Amino acid sequence: MTATSGMGRLGIDIGGTFTDIALELGGERFTSKVLTTGNRPVDACLVGLRRVMQASGAAPADIAVVIHGTTLATNAIIERQGAVTALVTTRGFRDTIEIGTEGRPEQYDINILKPLPLVPRRRRFTVAERLDSKGNVLLALDEAGLEDLLPHLDASGAEALAIGFINAYVNADHERRARRFFRRRRPHWSISISSDVSPEFREFERFSTTCANAYLQPLMSRYLAAFEGELRALGYACPLLLMLSSGGLTSVDTARDFPVRLIESGPAGGAIFAGGIARRIGLAGAISFDMGGTTAKICMLDGGTAQTSRRFEVGRVYRFRKDSGLPIRIPVIDMVEIGAGGGSIAHVDELDRLAVGPRSAGADPGPACYRRGGRDFTVTDANLLMGRIDPLGFAGGAIRLSMEAAQRAVNEGVGLALGLDEAVAAFGTTEVVCENMASATRVHAIESGKNANDRAMIAFGGAAPLHVCQLADKLGVNRIIIPQDAGVGSAVGFLRAPISYELVQTVYESLDAFDYRRANRICAGMEAAARRHVEVGAGRRANLTVRRKAYMRYAGQGHEIAVSVPVERFDAGASGMLQALFDREYRKVFGRNVGGVAGGEIVSWSVDVASEPFCEPAAAPFLPPDGEPSMRQVFDTASRQLLSFAVVARHRLAPGCTLPGPAIIHEAETSIVVSSAFAARVLAHGDIELQRMAAR
Amino acid sequence: MQDLDRIRRQLIWSRLISAIEEQAQTVMRTAFSQSVRECGDLSAGVFNRRGEMIAQAVTGTPGHVNAMAICVRHFVDRFPIDTMRPGDVFCTNDPWLSVGHYHDVTVVTPAFYKGRAVGLLANTCHIVDMGGRGLGPDARQVYEEGINIPIMHLAREGRINEDLMGILRTNVRNAGDMEGDFYAMMNCNDDGARRLAAMLEEFGLADIEAIGDTIMAQSRKRVEAAIADIPDGVYEHVSELDGFEAPIRIRCRLTVAGSAMAIDYSGSSPASPYGINVVSNFCLAYTVFGVNCIIAPNIPCNAGSIGVVQVSAPAGCILNVQRPMPVSARHVIGQMLPDVVFGCLAQAIPDRVPAEGAGAMWNPMLRGGRMAVDPAVAAQAEEPGPDYDVILFNTGGTGGRPTMDGLTTTAFPSGVRTPPVEAVEARFPVIIWRKEFREDSGGAGLYRGGLGQVLEIGGAGDAPFTVAAMFDRTWRAAEGRHGGRDGKAGVVCTTSGDILKSKGRQTIGSGERLVLELPGGGGYGPPADRDPQRVRDDVIDGLVSVDSARQDYGVELTPELDVDLARTQQRRQDIRKAGE
């Protein structure tokens with residue numbers, strides 16, 4: 001292995017159910033998938049690691065970088081396993097993180113639940129201080145008041161402290177002084193301040209994000225130290241990088257300071273994976289579609305870049321509804337996640353309609369056909385009844401599926417109540433789950449001013465290849481890509497991610513009175529700070545790309561839109577240039593401008609510094625075809641009837657092969673269902689492209 | 001194949017709701033005024049050719065939706081659908097035809113498919129200023145409350161009605177925001193119309209008449225079945241509200257006979273001389289919402305599900321006010337109607353109905369500047385500050401629920417959200433000094449009422465300003481249910497302790513601050529039945545005082561705030577005995 005010594009790249013994705021590992025070395029890729037070990041996630045990771053290292057014959061010295069993503073941060077919040085955290089905030093605002101938006105996630109249900117804040121009221125404290133929206137001091141910080149809080153904070157048992165003051169996004173002085181005070185007096189506490197973690201306006205979201213950061217910090221620090229220690233003990237001396245929710249990579253130090261940025265890093269890896277595929281194939285617009293056992297995640301990609309946002313919610317407590325989770329305001333890959341997966345349960349709603357999800361049978365007890373005690377009729381059972389899944393070949397043959405159990409479940413669960421026969425009930429179940437995903441996709445597209453139907457779809461995750469033709473029909477999508485190694489997409493995605501860091505800062509700037517000197521000063525400061533984070537991992541001489549965005553709106557208007565702006569220094573003509581860029585972007589998103597009514601204003605600046613993304617290795621080898629394909633009866637959703645499907649193994653399809661639908665292409669972790677409306681073709685890298693045969 | 005058709009119909013239904021949700025999201029993203037974009041004070045729906053609502057967006061507020069549902073028929077009456085042309089857009093804000101006050105503007109756009117009008121898209125948004133006195137209850141006639149737009153063209157074949165726009169621009173305080181909102185409302189209907197046409201194409205339909213009839217019939221049937229589950233009978237309840245110059249009585253008589261339900265408000269107070277009166281559309285909207293959220297919460301909202309319950313109120317009473325009485329602050333009465341309906345339903349289905357809550361939102365309309373405040377105050381002030389108008393949305397607590405505590409600081413029945421303090425302060429010269437829970441305001445109960453909040457608001461630089469107060473439950477608190485205690489009533493005052501009126505515009509002088517203490521929800525079930533550990537938790541969190549734990553819940557705590565079980569048992573026995 002001398003030729004490739006020190007060139008290997010290792011991706012490790014610890015998910016809730018599975019731990020995926022991908023190694024790229026010498027133009028080859030090796031992967032493994034093992035069950036996550038709940039108590040000590042490192043254990044499963046080491047097992048998987050040994051497997052890929054053995055398969056590749058590599059030694060730790062061959063590895064140049066380890067890239068890691070984990071659901072640990074997400075789970076710690078959902079399961080409330082984080083540190084005992086206290087909040088110190090402006091007097092009069094003790095309850096900001098619990099008052100929230102004062103709205104309800106659903107209008108008609110009187111029994112709704114709202115998310116509990118991470119810091120309960122008994123550990124929320126206030127101090128006299130107040131800034132106005134320009135950052136002027138209305139009331140000086142009462143340092144003696146901080147002293148008075150110490151005994152209460154000690155008694156609360158807090159090991160982590162969040163500090164969030166009103167209007168601190170314009171002036172961080174009070175927060176910094178408070179941090180200095182507590183650092184001096186209680187050096188062992190982890191302290192997060194809102195002007196560092198999320199310097200944007202909207203106090204509820206900023207404080208909530210800051211509390212989440214403090215809440216995660218002790219746990220993630222310990223975890224990262226232990227993880228790094230294990231790697232070093234095994235002889236891996238290479239840098240360890242962490243996957244961020246924004247789809248970039250960062251150093252262990254930055255991850256320790258801002259663990260909130262690790263939330264949802266696994267799914268972000270999936271979107272980066274899709275982005276790599278889109279770039280390689282040259283897809284201008286794409287939708288990544290990642291469907292697993294419990295949820296489906298959908299993300300818009302343009303030019304191979306995943307759409308980003310600055311806000312998301314974690315731990316939604318009410319049917320995945322908006323406003324039922326804790327808001328986190330950080331740079332993030334913008335995904336919509338809904339309760340639609342292989343384990344989603346079908347039932348009859350109050351209007352005698354067939355409904356699917358969001359409740360899921362999960363992996364335990366799992367779908368009825370697993371025969372592990374589950375009796376509910378799930379999407380996987382429906383696929384089995386439709387003939388899409390081979391009862392003997394599921395999960396590489398690991399679980400034998402029971403047709404009888406699925407039949408019993410469909411009749412008990414929905415068929416008898418609705419008077420539908422098994423075939424129609426099964427088809428209907430997949431139709432409803434696909435319709436749910438299609439609606440979510442469309443609403444997500446409109447929220448970002450995009451269209452779904454002029455895009456190609458990139459499908460990965462265990463359940464996506466089964467449903468993607470059916471979903472594409474609903475969205476009017478004509479081209480689908482099912483990449484190689486779709487089952488471990490996130491871990492492979494980690495290997496494609498650039499080392500990057502994005503900062504967002506709220507600064508109001510009216511274009512009528514644009515202070516270009518101030519804008520230059522702020523952007524330069526943000527860029528320097530972002531560079532410091534990136535250079536830790538990428539090195540000082542790395543070739544870095546800087547991107548700058550202005551979040552703009554018409555003066556007084558609600559949502560701001562992201563406008564890419566040149567990174568050059570602004571001069572006296574900048575205001576006209578910015579207005580023109582904004583007008584163009586606004587027209588693109590909303591169809592028309594609101595001319596003559598109001599000028600533009602900038603709400604926030606964003607600066608993103610990134611290294612170059614990493615390239616794909618060559619394709620995996622293929623076996624020659626082994627005679628005629630076998631045939632199977634499968635319900636075809638395009639023609640709505642049972643048809644004879646050709647069944648072939650994916651590893652016997654060499655690049656250039658074509659296969660018209662109806663067909664099933666099976667592989668170890670999933671099956672690709674090619675409906676009668678599509679034809680499959682294997683691309684150069686082994687990715688499979690499905691093209692609609694007669695585009696409508 | 002018939003089975004497959006059933007699945008298909010169901011998919012079309014889902015698709016309609018999703019299309020309309022996209023429409024609502026569009027208007028929220030593009031609106032100018034804070035009330036729509038940050039607070040969600042809007043609604044959107046799709047209607048058939050007869051002007052019947054087939055589907056509504058999940059996003060939105062009930063008062064808008066249900067009133068808009070009725071309003072669109074008036075458009076079709078005025079402009080028969082086959083006379084409408086592509087690019088036409090219609091609008092109105094007539095309180096009696098639409099949503100009950102001038103601020104809520106409804107915009108209706110016909111959707112065309114293959115050259116024929118196949119349905120209508122509508123949305124209603126709250127526009128911050130429509131002229132006149134501005135939002136507030138002080139007017140004596142509707143003419144004072146702003147400018148009325150009869151049902152008319154907002155655009156003709158794609159060209160904006162400049163005559164209308166010209167009149168509006170010169171009659172409102174912030175023409176830019178108003179016009180921007182009108183554009184956003186037109187945009188979002190266009191978007192909905194495009195989605196509707198695409199859907200017809202995909203499913204091979206000519207229009208939505210047949211599918212709409214199925215949707216309405218199916219929804220109607222389910223609401224009727226839900227009513228049939230309620231014991232037949234006549235249930236009466238009377239609520240008393242603060243009112244403006246005199247208390248208001250709402251008498252509600254709810255009759256269940258088989259699968260039919262009728263609600264009549266005969267015997268309620270006559271119209272107020274001030275602008276807190278409710279038009280029949282708005283009365284129906286919140287009455288039906290109150291019924292449906294108890295008996296049919298999962299039935300999608302459409303003309304079928306809304307049309308089952310028959311609602312009536314005598315002409316001229318406060319719930320069916322006639323022109324030209326003032327109506328601007330009608331939400332303070334209208335948003336109380338679900339609680340009134342709950343009072344009746346609780347007699348019929350006692351274990352499904354929560355206690356009363358704060359009800360109407362507390363939305364102070366603040367106005368600053370030399371022309372706003374009392375001339376005497378303005379003359380005294382060194383710097384009266386710039387002119388501005390801003391409305392804040394704030395909530396009290398909801399009532400304790402049959403199996404859970406009420407919700408603290410949560411809107412009900414309104415679906416509106418509060419704007420962030422930092423967003424308000426960045427745009428308007430006000431300082432919000434305090435916005436936090438109001439201790440002990442939730443009514444004691446087995447399930448405690450939600451807490452209200454306390455707000456303290458001042459002018460930037462201590463400038464004077466005025467508040468148009470339109471708050472209720474300051475005299476009569478939210479009542480508990482089944483032995484639960486009442487929530488705390490609201491208080492309107494200043495930091496120097498002056499008690500203000502709960503209705504009407506008043507000046508807050510230089511250096512003074514407005515203090516609002518919002519009502520809590522009533523408790524559900526006897527407080528002495530509440531788990532003592534939960535009472536202790538509430539005390540530790542400062543939601544309930546040690547005194548209230550003892551007095552109301554019969555929970556005795558040690559100085560370390562642990563439950564003293566022996567003394568608690570004794571005290572609870574005494575409480576129960578006293579109650580017998």
# chains A, B, ... in the order shown; residues from 1 in each chain; ligands from 1
$ residues_around --residues "Asp571 (chain A)" --least-positions-apart "3" --cutoff "8 Å" --atoms "only C-alpha atoms" --output "JSON, numbers by chain"
{"A": [516, 517, 574]}
$ select_by_dssp --residues "region 420-538 of chain B" --states "helix (DSSP H, G or I)" --output "list of chain:residue names"
B:Val421, B:Glu422, B:Ala423, B:Val424, B:Glu425, B:Ala426, B:Arg427, B:Ala460, B:Gly461, B:Asp462, B:Pro527, B:Ala528, B:Asp529, B:Pro532, B:Gln533, B:Arg534, B:Val535, B:Arg536, B:Asp537, B:Asp538
$ residues_around --residues "Gln573 (chain B)" --least-positions-apart "5" --cutoff "9 Å" --atoms "only C-alpha atoms" --output "JSON list (two decimals) with N, CA and C atoms, in the first residue's frame"
[["chain", "number", "residue", "atom", "x", "y", "z"],
["B", 528, "ALA", "N", -57.49, 20.08, 45.05],
["B", 528, "ALA", "CA", -57.01, 19.19, 46.11],
["B", 528, "ALA", "C", -56.75, 17.78, 45.57],
["B", 554, "GLY", "N", -53.99, 22.83, 48.99],
["B", 554, "GLY", "CA", -53.85, 22.07, 50.22],
["B", 554, "GLY", "C", -52.54, 21.34, 50.31],
["B", 568, "THR", "N", -50.11, 17.71, 54.51],
["B", 568, "THR", "CA", -50.86, 17.88, 53.27],
["B", 568, "THR", "C", -52.15, 17.07, 53.30],
["B", 578, "ALA", "N", -64.81, 20.93, 54.07],
["B", 578, "ALA", "CA", -65.40, 22.27, 53.95],
["B", 578, "ALA", "C", -66.22, 22.38, 52.68]]
$ select_by_dssp --residues "region 305-541 of chain A" --states "strand (DSSP E or B)" --output "PyMOL selection string"
chain A and resi 305-306+308-309+312-314+326-328+332-333+335-338+344-348+354-360+378+456-460+479-482+499-510
$ residues_around --residues "Arg159 (chain B)" --least-positions-apart "4" --cutoff "9 Å" --atoms "only C-alpha atoms" --output "PyMOL selection string"
chain B and resi 87-88+154-155
$ interface_residues --of "chain B" --to "chain A" --cutoff "7 Å" --atoms "only C-alpha atoms" --output "MDAnalysis selection string"
chainID B and resid 3:4 7 11 18 22 25:26 29:34 37:38 176 180 222 293 297 395 409:411 415:418 420 422:423 425:426 433:437 540:541
$ residues_around --residues "region 453-463 of chain B" --least-positions-apart "6" --cutoff "8 Å" --atoms "only C-alpha atoms" --output "list in words"
Ala381, Glu383, Pro384, Gly385, Thr395, Gly396, Thr409, Pro429, Val430, Ile431, Ile432, Trp433, Arg434, Lys435, Glu436, Phe437, Arg438, Thr495, Gly509, Ser510, Gly511, Glu512, Arg513, Leu514, Val515, Leu516, Glu517, Leu518 and Pro519 of chain B
$ residues_around --residues "Arg359 (chain A)" --least-positions-apart "4" --cutoff "9 Å" --atoms "only C-alpha atoms" --output "compact mmCIF listing (two decimals) with C-alpha atoms, in the first residue's frame"
# COMPACT_ATOMS: atom_id res chain seq x y z
CA THR A 294 -38.97 6.37 10.15
CA ARG A 319 -46.74 15.28 14.25
CA GLY A 339 -42.81 11.03 9.22
CA ALA A 340 -42.75 8.82 6.13
CA GLY A 343 -41.98 1.56 9.21
CA SER A 344 -44.75 4.18 8.91
CA ILE A 345 -48.07 2.72 10.02
CA ALA A 346 -51.20 2.77 7.85
$ closest_residue --among "B:Thr124, B:Thr398, B:Gln551, B:Thr466" --to "Lys488 (chain B)" --atoms "only C-alpha atoms"
B:Thr398
$ residues_around --residues "region 193-204 of chain B" --least-positions-apart "3" --cutoff "6 Å" --atoms "only C-alpha atoms" --output "list in words"
Ala19, Ala111, Tyr113 and Asp190 of chain B
$ atom_distance --atom1 "CA of Pro364 (chain B)" --atom2 "CA of Tyr286 (chain B)"
21.3 Å
$ closest_atom_pairs --of "region 511-580 of chain A" --to "region 600-614 of chain A" --cutoff "7 Å" --atoms "only C-alpha atoms" --output "CSV"
residue,atom,partner,partner_atom,distance
A:Leu511,CA,A:Glu601,CA,5.5
A:Met526,CA,A:Val607,CA,6.4
A:Glu527,CA,A:Val607,CA,6.1
A:Ala530,CA,A:Val609,CA,6.1
A:Arg531,CA,A:Val609,CA,6.2
A:Ala538,CA,A:Ser611,CA,7.0
A:Ala542,CA,A:Ser611,CA,6.9
A:Asn543,CA,A:Ser611,CA,6.1
A:Leu544,CA,A:Ser611,CA,4.6
A:Thr545,CA,A:Ala610,CA,5.2
A:Val546,CA,A:Val609,CA,4.5
A:Arg547,CA,A:Asp608,CA,5.1
A:Arg548,CA,A:Val607,CA,4.6
A:Lys549,CA,A:Ser606,CA,5.0
A:Ala550,CA,A:Trp605,CA,4.8
A:Tyr551,CA,A:Ser604,CA,5.1
A:Met552,CA,A:Ile602,CA,4.4
A:Arg553,CA,A:Glu601,CA,5.6
A:Tyr554,CA,A:Gly600,CA,4.3
A:Ala555,CA,A:Glu601,CA,5.3
A:Gln579,CA,A:Gly600,CA,6.2
$ write_last_selection --atoms "N, CA and C atoms" --output "mmCIF file, in the first residue's frame"
data_model
loop_
_atom_site.group_PDB
_atom_site.id
_atom_site.type_symbol
_atom_site.label_atom_id
_atom_site.label_comp_id
_atom_site.auth_asym_id
_atom_site.auth_seq_id
_atom_site.Cartn_x
_atom_site.Cartn_y
_atom_site.Cartn_z
ATOM 1 N N LEU A 511 -30.534 50.515 2.151
ATOM 2 C CA LEU A 511 -29.764 50.826 0.946
ATOM 3 C C LEU A 511 -29.836 52.326 0.618
ATOM 4 N N MET A 526 -15.864 39.267 9.778
ATOM 5 C CA MET A 526 -16.502 37.950 9.727
ATOM 6 C C MET A 526 -15.632 36.968 8.947
ATOM 7 N N GLU A 527 -15.054 37.468 7.847
ATOM 8 C CA GLU A 527 -14.235 36.588 7.021
ATOM 9 C C GLU A 527 -13.007 36.113 7.790
ATOM 10 N N ALA A 530 -14.086 33.439 10.249
ATOM 11 C CA ALA A 530 -14.404 32.171 9.592
ATOM 12 C C ALA A 530 -13.123 31.478 9.117
ATOM 13 N N ARG A 531 -12.179 32.266 8.597
ATOM 14 C CA ARG A 531 -10.904 31.692 8.146
ATOM 15 C C ARG A 531 -10.172 30.983 9.286
ATOM 16 N N ALA A 538 -7.835 22.873 7.496
ATOM 17 C CA ALA A 538 -7.389 22.857 6.104
ATOM 18 C C ALA A 538 -5.946 23.317 5.944
ATOM 19 N N ALA A 542 -4.067 26.536 2.479
ATOM 20 C CA ALA A 542 -5.119 25.935 1.662
ATOM 21 C C ALA A 542 -5.751 26.976 0.738
ATOM 22 N N ASN A 543 -6.226 26.473 -0.382
ATOM 23 C CA ASN A 543 -6.900 27.337 -1.342
ATOM 24 C C ASN A 543 -8.363 27.484 -0.919
ATOM 25 N N LEU A 544 -8.692 28.623 -0.350
ATOM 26 C CA LEU A 544 -10.029 28.779 0.229
ATOM 27 C C LEU A 544 -10.921 29.657 -0.640
ATOM 28 N N THR A 545 -12.187 29.297 -0.689
ATOM 29 C CA THR A 545 -13.180 30.092 -1.408
ATOM 30 C C THR A 545 -14.005 30.865 -0.383
ATOM 31 N N VAL A 546 -14.232 32.139 -0.656
ATOM 32 C CA VAL A 546 -15.066 32.934 0.236
ATOM 33 C C VAL A 546 -16.359 33.273 -0.495
ATOM 34 N N ARG A 547 -17.487 33.033 0.171
ATOM 35 C CA ARG A 547 -18.762 33.436 -0.400
ATOM 36 C C ARG A 547 -19.442 34.385 0.566
ATOM 37 N N ARG A 548 -20.105 35.390 -0.006
ATOM 38 C CA ARG A 548 -20.759 36.384 0.831
ATOM 39 C C ARG A 548 -22.213 36.494 0.383
ATOM 40 N N LYS A 549 -23.089 36.520 1.368
ATOM 41 C CA LYS A 549 -24.494 36.717 1.050
ATOM 42 C C LYS A 549 -25.036 37.857 1.890
ATOM 43 N N ALA A 550 -25.966 38.589 1.310
ATOM 44 C CA ALA A 550 -26.700 39.577 2.095
ATOM 45 C C ALA A 550 -28.128 39.062 2.206
ATOM 46 N N TYR A 551 -28.662 39.025 3.408
ATOM 47 C CA TYR A 551 -30.080 38.694 3.566
ATOM 48 C C TYR A 551 -30.847 39.993 3.474
ATOM 49 N N MET A 552 -31.659 40.095 2.405
ATOM 50 C CA MET A 552 -32.286 41.384 2.097
ATOM 51 C C MET A 552 -33.792 41.254 1.971
ATOM 52 N N ARG A 553 -34.455 42.387 2.124
ATOM 53 C CA ARG A 553 -35.896 42.467 1.931
ATOM 54 C C ARG A 553 -36.231 43.897 1.576
ATOM 55 N N TYR A 554 -37.476 44.124 1.097
ATOM 56 C CA TYR A 554 -37.931 45.495 0.957
ATOM 57 C C TYR A 554 -38.096 46.053 2.356
ATOM 58 N N ALA A 555 -37.756 47.333 2.519
ATOM 59 C CA ALA A 555 -37.829 47.938 3.849
ATOM 60 C C ALA A 555 -39.202 47.644 4.441
ATOM 61 N N GLN A 579 -28.986 46.850 -4.720
ATOM 62 C CA GLN A 579 -30.418 46.943 -5.031
ATOM 63 C C GLN A 579 -30.736 46.135 -6.294
#
$ closest_residue --among "A:Phe635, A:Leu240, A:Asp148, A:Ile482" --to "Gln691 (chain A)" --atoms "only C-alpha atoms"
A:Ile482
$ closest_residue --among "A:Ser510, A:Asn478, A:Thr670, A:Ser245" --to "Ala694 (chain A)" --atoms "only C-alpha atoms"
A:Asn478
$ closest_residue --among "B:Phe282, B:Leu446, B:Ala478, B:Asp574" --to "Pro526 (chain B)" --atoms "only C-alpha atoms"
B:Leu446
$ closest_residue --among "B:Glu157, B:Asp351, B:Asp213, B:Glu21" --to "Met53 (chain B)" --atoms "only C-alpha atoms"
B:Asp213
